[in-house]
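Chemist: After the structure tokens below, expect a handful of questions from me.
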Amino acid sequence: MIVRDDDADRARRKRNIALGLMLGGVAVLFYLMSIVKWYEHSGH
Amino acid sequence: MSLSLAYPRVTTVGDFFALLKPRVMSLVVFTGLAGIVAAPGHVHPLTAFTALLCIAVAAGASGCLNMAYDSDIDRLMTRTATRPIPMGYIAREDALAFGWTLSIAAVATMGLFVNFLAAGLLAFTVFFYVVVYTLWLKRRTPQNIVIGGLSGALPPAIGWASVTGDLSLAPLLLVAIIFMWTPPHFWALSLWRSEDYARAGVPMLPVVSGKPHTRFQILLYTLILVPLGVLPAGLHIGGALYLAASAGIGLWFLWEAIATYRESDEVKEPAAHRLFGVSLLYMTALFASLIAEKLIGIPALALAL
């Protein structure tokens with residue numbers, strides 16, 4: 001089976017964007033959850 | 001310019017998403033959400049979201065690992081031959097790395113931000129599905145889905161534990177309901193997929209003990225399931241809506257189980273198809289009514305107490 005270079009590049013770019021969004025989402029979630037935990041532990 | 005690759009086409013984001021078994025994941029998320037909503041007490045909405053996300057990711061990761069370890073038999077069955085690994089879109093080793101990474105990340109996040117009991121239950125669920133069910137039981141015994149069904153039954157308890165930090169009779173009852181629901185649900189499917197399973201050498205009940213015995217077992221489990229499904233309405237967990245849904249659709253479930261028991265068309269298996277559909281409706285209705293009652297404010301009943 002033949003796969004063209006530009007198709008492979010486009011698919012790779014989409015995979016990288018998806019991975020970046022996923023890791024970015026996890027980073028934001030961790031940041032917000034650390035605020036929630038800090039808030040809860042500070043007696044509020 | 002073009003080049004030949006070992007894979008039939010480039011790997012897409014959708015292929016990785018398909019590895020997570022999104023339809024199974026949605027049912028797991030749904031029952032986990034019911035556990036969170038039905039549990040007494042209160043957690044920050046972001047904590048509840050994180051718990052649900054961890055349940056979803058761990059369920060997806062379990063599905064991914066199941067596809068990786070079962071890729072040899074998946075290519076032999078019609079239902080599973082078009083999955084990403086048998087199709088050659090994703091290498092088995094990549095799926096293993098993806099699945100284990102997501103599993104560890106989900107359990108670690110649950111432990112870090114929710115609580116250790118919920119994280120422990122989540123880790124146990126992944127272990128049970130991947131190691132006990134997929135690697136050990138699935139190819140060895142017709143009781144594979146009965147015992148392995150425990151992993152699919154645990155999400156309400158994980159959701160509950162993520163709110164309360166402990167377990168009680170209520171979440172364990174919800175676990176018992178899904179546990180008893182799993183055999184009739186999957187055996188209905190296996191009645192019209194038995195040739196598929198036989199070809200792959202998977203000892204599903206119709207392959208090992210025959211269809212009449214499977215129909216009898218379906219009826220037996222349904223006879224236990226239906227009263228068990230009503231029980232939360234008597235133990236201060238479900239309200240009037242839950243009672244109506246569990247009793248009404250439960251009787252329909254039983255009706256179709258009897259029809260499946262008396263089925264004579266062993267080629268098309270129309271009753272088993274209907275039973276499979278009703279089983280999905282039953283599970284959805286039970287947990288949707290629990291969630292709806294909590295959100296609307298319908299009080300729980302305590303008929304037996």
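To be explicit about the labels: the chains of the structure tokens are called A, B, and onward in the order shown, and within each one the residues are counted from 1, while ligands get numbers from 1 in the order they are shown.
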Write out as number ranges by chain each polymer residue whose atoms come within 12 Å of B:Leu254, counting only C-alpha atoms; drop sequence neighbours fewer than 4 positions from it.
Modeler: B: 181, 184, 218-227, 229, 246-250, 258-261, 271, 274-276, 278-279, 282
Chemist: Can I get the residues of chain B within 12 Å of chain A, each with the closest pair of atoms and their distance in Å to one decimal, using only C-alpha atoms, sorted chain first then ascending number, as a Markdown table?
Modeler:
| residue | atom | partner | partner_atom | distance |
| --- | --- | --- | --- | --- |
| B:Met1 | CA | A:Arg4 | CA | 6.8 |
| B:Ser2 | CA | A:Arg4 | CA | 4.6 |
| B:Leu3 | CA | A:Val3 | CA | 6.1 |
| B:Ser4 | CA | A:Ile2 | CA | 5.0 |
| B:Leu5 | CA | A:Val3 | CA | 6.8 |
| B:Ala6 | CA | A:Met1 | CA | 8.0 |
| B:Tyr7 | CA | A:Met1 | CA | 7.7 |
| B:Pro8 | CA | A:Met1 | CA | 5.5 |
| B:Arg9 | CA | A:Val3 | CA | 6.1 |
| B:Val10 | CA | A:Ala8 | CA | 5.8 |
| B:Thr11 | CA | A:Ala11 | CA | 6.8 |
| B:Thr12 | CA | A:Ala11 | CA | 5.8 |
| B:Val13 | CA | A:Arg15 | CA | 5.5 |
| B:Gly14 | CA | A:Arg15 | CA | 9.3 |
| B:Asp15 | CA | A:Arg15 | CA | 10.3 |
| B:Phe16 | CA | A:Arg15 | CA | 9.3 |
| B:Phe17 | CA | A:Ala18 | CA | 10.6 |
| B:Val43 | CA | A:Glu40 | CA | 10.1 |
| B:His44 | CA | A:Val36 | CA | 7.6 |
| B:Pro45 | CA | A:Val36 | CA | 9.8 |
| B:Leu46 | CA | A:Met33 | CA | 7.0 |
| B:Thr47 | CA | A:Met33 | CA | 7.1 |
| B:Ala48 | CA | A:Met33 | CA | 10.7 |
| B:Phe49 | CA | A:Leu29 | CA | 9.7 |
| B:Thr50 | CA | A:Leu29 | CA | 7.9 |
| B:Ala51 | CA | A:Met33 | CA | 11.2 |
| B:Leu53 | CA | A:Leu29 | CA | 10.4 |
| B:Cys54 | CA | A:Val26 | CA | 11.1 |
| B:Val57 | CA | A:Met22 | CA | 11.7 |
| B:Gly88 | CA | A:Met1 | CA | 11.5 |
| B:Phe98 | CA | A:Leu19 | CA | 11.7 |
| B:Leu102 | CA | A:Met22 | CA | 11.5 |
| B:Ala105 | CA | A:Val26 | CA | 10.0 |
| B:Ala106 | CA | A:Val26 | CA | 10.7 |
| B:Ala108 | CA | A:Phe30 | CA | 11.7 |
| B:Thr109 | CA | A:Phe30 | CA | 8.5 |
| B:Met110 | CA | A:Met33 | CA | 11.1 |
| B:Leu112 | CA | A:Met33 | CA | 9.5 |
| B:Phe113 | CA | A:Met33 | CA | 6.7 |
| B:Val114 | CA | A:Lys37 | CA | 9.3 |
| B:Asn115 | CA | A:Lys37 | CA | 11.4 |
Chemist: Got a sec to tell me which of chain A DSSP assigns to alpha helix (DSSP H), as an mmCIF file with C-alpha atoms, in the first residue's frame?
Modeler:
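Saved to part02.cif:
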data_model
loop_
_atom_site.group_PDB
_atom_site.id
_atom_site.type_symbol
_atom_site.label_atom_id
_atom_site.label_comp_id
_atom_site.auth_asym_id
_atom_site.auth_seq_id
_atom_site.Cartn_x
_atom_site.Cartn_y
_atom_site.Cartn_z
ATOM 1 C CA ASP A 5 4.431 12.130 2.166
ATOM 2 C CA ASP A 6 2.046 15.087 2.522
ATOM 3 C CA ASP A 7 -0.705 12.796 3.902
ATOM 4 C CA ALA A 8 1.733 11.427 6.449
ATOM 5 C CA ASP A 9 2.869 14.966 7.367
ATOM 6 C CA ARG A 10 -0.714 16.158 7.790
ATOM 7 C CA ALA A 11 -1.619 13.168 9.964
ATOM 8 C CA ARG A 12 1.537 13.647 12.055
ATOM 9 C CA ARG A 13 0.711 17.344 12.525
ATOM 10 C CA LYS A 14 -2.831 16.472 13.671
ATOM 11 C CA ARG A 15 -1.502 13.865 16.100
ATOM 12 C CA ASN A 16 0.944 16.408 17.537
ATOM 13 C CA ILE A 17 -1.812 19.021 17.928
ATOM 14 C CA ALA A 18 -4.046 16.461 19.687
ATOM 15 C CA LEU A 19 -1.180 15.462 22.002
ATOM 16 C CA GLY A 20 -0.401 19.127 22.721
ATOM 17 C CA LEU A 21 -4.031 19.913 23.519
ATOM 18 C CA MET A 22 -4.262 16.865 25.766
ATOM 19 C CA LEU A 23 -1.110 17.724 27.707
ATOM 20 C CA GLY A 24 -2.158 21.374 27.879
ATOM 21 C CA GLY A 25 -5.541 20.330 29.246
ATOM 22 C CA VAL A 26 -3.882 18.148 31.881
ATOM 23 C CA ALA A 27 -1.584 21.064 32.872
ATOM 24 C CA VAL A 28 -4.571 23.429 33.260
ATOM 25 C CA LEU A 29 -6.499 20.781 35.242
ATOM 26 C CA PHE A 30 -3.533 20.211 37.576
ATOM 27 C CA TYR A 31 -3.150 23.972 38.079
ATOM 28 C CA LEU A 32 -6.852 24.459 38.893
ATOM 29 C CA MET A 33 -6.991 21.368 41.121
ATOM 30 C CA SER A 34 -3.966 22.558 43.074
ATOM 31 C CA ILE A 35 -5.894 25.801 43.774
ATOM 32 C CA VAL A 36 -8.960 23.794 44.887
ATOM 33 C CA LYS A 37 -6.821 21.629 47.190
ATOM 34 C CA TRP A 38 -5.042 24.664 48.618
ATOM 35 C CA TYR A 39 -8.425 26.342 49.180
ATOM 36 C CA GLU A 40 -9.810 23.242 50.951
ATOM 37 C CA HIS A 41 -6.738 22.759 53.123
#
Chemist: Might you pull out every residue within 12 Å of stretch 124-138 of chain B, with only C-alpha atoms counted and same-chain residues fewer than 4 positions away left off, and present them as a PyMOL selection string?
Modeler: chain B and resi 28+54-71+73+96+99-100+102-104+106-107+116-120+142-158+197+200-205
Chemist: Could you write out that same residue set with C-alpha atoms as a PDB file, in the first residue's frame?
Modeler:
ATOM      1  CA  VAL B  28     -18.671   3.448  32.398  1.00  0.00           C
ATOM      2  CA  CYS B  54      -9.927   9.678  35.672  1.00  0.00           C
ATOM      3  CA  ILE B  55     -12.656   7.012  35.486  1.00  0.00           C
ATOM      4  CA  ALA B  56     -13.106   7.745  31.758  1.00  0.00           C
ATOM      5  CA  VAL B  57      -9.373   7.671  30.981  1.00  0.00           C
ATOM      6  CA  ALA B  58      -8.781   4.483  32.998  1.00  0.00           C
ATOM      7  CA  ALA B  59     -11.753   2.804  31.271  1.00  0.00           C
ATOM      8  CA  GLY B  60     -10.383   3.855  27.873  1.00  0.00           C
ATOM      9  CA  ALA B  61      -6.906   2.674  28.807  1.00  0.00           C
ATOM     10  CA  SER B  62      -8.299  -0.709  29.888  1.00  0.00           C
ATOM     11  CA  GLY B  63     -10.070  -1.026  26.538  1.00  0.00           C
ATOM     12  CA  CYS B  64      -6.865  -0.097  24.735  1.00  0.00           C
ATOM     13  CA  LEU B  65      -4.820  -2.702  26.646  1.00  0.00           C
ATOM     14  CA  ASN B  66      -7.543  -5.293  25.999  1.00  0.00           C
ATOM     15  CA  MET B  67      -7.286  -4.573  22.255  1.00  0.00           C
ATOM     16  CA  ALA B  68      -3.492  -4.828  22.395  1.00  0.00           C
ATOM     17  CA  TYR B  69      -3.372  -8.163  24.260  1.00  0.00           C
ATOM     18  CA  ASP B  70      -6.262  -9.623  22.235  1.00  0.00           C
ATOM     19  CA  SER B  71      -5.137  -8.389  18.815  1.00  0.00           C
ATOM     20  CA  ILE B  73      -7.932 -13.163  18.251  1.00  0.00           C
ATOM     21  CA  LEU B  96       0.477  -1.118  24.943  1.00  0.00           C
ATOM     22  CA  GLY B  99      -2.718   2.107  27.408  1.00  0.00           C
ATOM     23  CA  TRP B 100      -0.294   1.688  30.296  1.00  0.00           C
ATOM     24  CA  LEU B 102      -2.992   6.468  30.411  1.00  0.00           C
ATOM     25  CA  SER B 103      -3.725   3.924  33.178  1.00  0.00           C
ATOM     26  CA  ILE B 104      -0.889   5.125  35.392  1.00  0.00           C
ATOM     27  CA  ALA B 106      -5.403   8.274  35.582  1.00  0.00           C
ATOM     28  CA  VAL B 107      -4.706   6.404  38.843  1.00  0.00           C
ATOM     29  CA  PHE B 116      -6.581   7.187  47.786  1.00  0.00           C
ATOM     30  CA  LEU B 117      -9.606   4.882  48.119  1.00  0.00           C
ATOM     31  CA  ALA B 118     -10.966   6.023  44.747  1.00  0.00           C
ATOM     32  CA  ALA B 119      -7.458   5.684  43.237  1.00  0.00           C
ATOM     33  CA  GLY B 120      -7.052   2.203  44.725  1.00  0.00           C
ATOM     34  CA  PRO B 142     -16.828 -19.842  30.016  1.00  0.00           C
ATOM     35  CA  GLN B 143     -17.178 -17.975  33.326  1.00  0.00           C
ATOM     36  CA  ASN B 144     -14.872 -15.285  31.831  1.00  0.00           C
ATOM     37  CA  ILE B 145     -17.478 -12.535  31.581  1.00  0.00           C
ATOM     38  CA  VAL B 146     -19.128 -13.475  34.890  1.00  0.00           C
ATOM     39  CA  ILE B 147     -15.979 -12.973  36.965  1.00  0.00           C
ATOM     40  CA  GLY B 148     -14.447 -10.363  34.639  1.00  0.00           C
ATOM     41  CA  GLY B 149     -17.702  -8.413  34.848  1.00  0.00           C
ATOM     42  CA  LEU B 150     -16.634  -7.146  38.276  1.00  0.00           C
ATOM     43  CA  SER B 151     -14.314  -4.615  36.620  1.00  0.00           C
ATOM     44  CA  GLY B 152     -17.171  -3.133  34.595  1.00  0.00           C
ATOM     45  CA  ALA B 153     -19.364  -3.088  37.706  1.00  0.00           C
ATOM     46  CA  LEU B 154     -17.053  -1.037  39.927  1.00  0.00           C
ATOM     47  CA  PRO B 155     -17.371   2.522  38.457  1.00  0.00           C
ATOM     48  CA  PRO B 156     -20.394   3.523  40.649  1.00  0.00           C
ATOM     49  CA  ALA B 157     -18.361   2.545  43.729  1.00  0.00           C
ATOM     50  CA  ILE B 158     -15.370   4.558  42.459  1.00  0.00           C
ATOM     51  CA  TYR B 197     -16.038 -16.860  19.248  1.00  0.00           C
ATOM     52  CA  ALA B 200     -11.170 -17.434  17.654  1.00  0.00           C
ATOM     53  CA  GLY B 201     -11.088 -20.199  20.282  1.00  0.00           C
ATOM     54  CA  VAL B 202     -12.736 -18.052  22.970  1.00  0.00           C
ATOM     55  CA  PRO B 203     -14.683 -20.382  25.325  1.00  0.00           C
ATOM     56  CA  MET B 204     -17.885 -18.354  25.560  1.00  0.00           C
ATOM     57  CA  LEU B 205     -20.798 -20.216  27.156  1.00  0.00           C
TER      58      LEU B 205
END
Chemist: Give me the residues near stretch 33-39 of chain B as a PyMOL selection string, where near means some atom within 8 Å (using only C-alpha atoms) and where sequence neighbours in that chain fewer than 4 positions away do not count.
Modeler: chain B and resi 29+48+52+155-164+171+237+287-288+290-291+294
Chemist: Would you mind exporting the chosen residues as a short mmCIF file (atom, residue, chain, number, x, y, z; two decimals), in the first residue's frame, restricted to N, CA and C atoms?
Modeler:
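As written to disk, result_14.cif reads:
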data_model
loop_
_atom_site.label_atom_id
_atom_site.label_comp_id
_atom_site.auth_asym_id
_atom_site.auth_seq_id
_atom_site.Cartn_x
_atom_site.Cartn_y
_atom_site.Cartn_z
N VAL B 29 -18.58 5.87 32.20
CA VAL B 29 -18.66 7.26 32.69
C VAL B 29 -20.05 7.53 33.27
N ALA B 48 -15.10 16.63 41.33
CA ALA B 48 -16.00 15.64 40.72
C ALA B 48 -15.65 15.43 39.25
N LEU B 52 -14.35 11.97 37.47
CA LEU B 52 -15.03 11.41 36.30
C LEU B 52 -14.06 11.25 35.12
N PRO B 155 -17.33 1.05 38.57
CA PRO B 155 -17.37 2.52 38.46
C PRO B 155 -18.33 3.26 39.40
N PRO B 156 -19.57 2.78 39.69
CA PRO B 156 -20.39 3.52 40.65
C PRO B 156 -19.74 3.61 42.03
N ALA B 157 -19.04 2.53 42.43
CA ALA B 157 -18.36 2.54 43.73
C ALA B 157 -17.18 3.53 43.71
N ILE B 158 -16.49 3.61 42.57
CA ILE B 158 -15.37 4.56 42.46
C ILE B 158 -15.91 5.98 42.54
N GLY B 159 -17.01 6.23 41.80
CA GLY B 159 -17.63 7.56 41.84
C GLY B 159 -18.08 7.92 43.26
N TRP B 160 -18.71 6.96 43.93
CA TRP B 160 -19.20 7.16 45.30
C TRP B 160 -18.01 7.46 46.23
N ALA B 161 -16.96 6.62 46.12
CA ALA B 161 -15.79 6.78 46.99
C ALA B 161 -15.08 8.12 46.74
N SER B 162 -15.15 8.61 45.52
CA SER B 162 -14.48 9.88 45.23
C SER B 162 -15.18 11.05 45.94
N VAL B 163 -16.44 10.86 46.32
CA VAL B 163 -17.16 11.91 47.06
C VAL B 163 -17.03 11.70 48.57
N THR B 164 -17.27 10.46 49.02
CA THR B 164 -17.34 10.21 50.47
C THR B 164 -16.01 9.77 51.08
N PRO B 171 -23.35 1.86 47.41
CA PRO B 171 -22.56 1.69 46.19
C PRO B 171 -22.31 0.23 45.86
N ILE B 237 -32.01 4.58 48.50
CA ILE B 237 -31.05 5.01 47.47
C ILE B 237 -31.82 5.61 46.28
N PHE B 287 -29.69 3.99 35.90
CA PHE B 287 -28.73 5.00 36.36
C PHE B 287 -29.17 6.42 35.97
N ALA B 288 -29.88 6.55 34.86
CA ALA B 288 -30.40 7.88 34.49
C ALA B 288 -31.44 8.33 35.51
N LEU B 290 -31.58 7.47 38.69
CA LEU B 290 -30.86 7.83 39.92
C LEU B 290 -30.31 9.26 39.82
N ILE B 291 -29.70 9.56 38.66
CA ILE B 291 -29.12 10.89 38.44
C ILE B 291 -30.23 11.94 38.41
N LYS B 294 -31.77 12.83 41.82
CA LYS B 294 -30.89 13.67 42.64
C LYS B 294 -30.91 15.12 42.14
#
Chemist: For B:Phe253, which residue among B:Pro40, B:Met77, B:Ala272, B:Gly297 is the nearest when counting only C-alpha atoms?
Modeler: B:Ala272
Chemist: Skipping near chain neighbours, those fewer than 2 positions away, what residues fall within 8 Å of stretch 193-195 of chain B using only C-alpha atoms, listed as a PDB file with N, CA and C atoms, in the first residue's frame?
Modeler:
ATOM      1  N   LEU B 189     -25.542 -11.382  23.353  1.00  0.00           N
ATOM      2  CA  LEU B 189     -24.688 -11.067  22.193  1.00  0.00           C
ATOM      3  C   LEU B 189     -23.995 -12.330  21.671  1.00  0.00           C
ATOM      4  N   SER B 190     -23.491 -13.130  22.608  1.00  0.00           N
ATOM      5  CA  SER B 190     -22.709 -14.310  22.199  1.00  0.00           C
ATOM      6  C   SER B 190     -23.575 -15.369  21.523  1.00  0.00           C
ATOM      7  N   LEU B 191     -24.917 -15.308  21.731  1.00  0.00           N
ATOM      8  CA  LEU B 191     -25.792 -16.290  21.080  1.00  0.00           C
ATOM      9  C   LEU B 191     -25.737 -16.160  19.561  1.00  0.00           C
ATOM     10  N   TYR B 197     -16.823 -16.495  18.059  1.00  0.00           N
ATOM     11  CA  TYR B 197     -16.038 -16.860  19.248  1.00  0.00           C
ATOM     12  C   TYR B 197     -15.396 -18.242  19.069  1.00  0.00           C
ATOM     13  N   ALA B 198     -16.139 -19.161  18.459  1.00  0.00           N
ATOM     14  CA  ALA B 198     -15.607 -20.510  18.240  1.00  0.00           C
ATOM     15  C   ALA B 198     -14.386 -20.456  17.319  1.00  0.00           C
ATOM     16  N   ARG B 199     -14.465 -19.621  16.273  1.00  0.00           N
ATOM     17  CA  ARG B 199     -13.359 -19.487  15.315  1.00  0.00           C
ATOM     18  C   ARG B 199     -12.105 -18.958  16.003  1.00  0.00           C
ATOM     19  N   MET B 204     -16.642 -18.967  25.074  1.00  0.00           N
ATOM     20  CA  MET B 204     -17.885 -18.354  25.560  1.00  0.00           C
ATOM     21  C   MET B 204     -18.906 -19.468  25.825  1.00  0.00           C
ATOM     22  N   PRO B 206     -22.023 -20.282  24.959  1.00  0.00           N
ATOM     23  CA  PRO B 206     -22.693 -21.040  23.894  1.00  0.00           C
ATOM     24  C   PRO B 206     -21.737 -21.988  23.152  1.00  0.00           C
ATOM     25  N   VAL B 207     -20.450 -21.622  23.106  1.00  0.00           N
ATOM     26  CA  VAL B 207     -19.465 -22.465  22.410  1.00  0.00           C
ATOM     27  C   VAL B 207     -19.174 -23.717  23.233  1.00  0.00           C
TER      28      VAL B 207
END
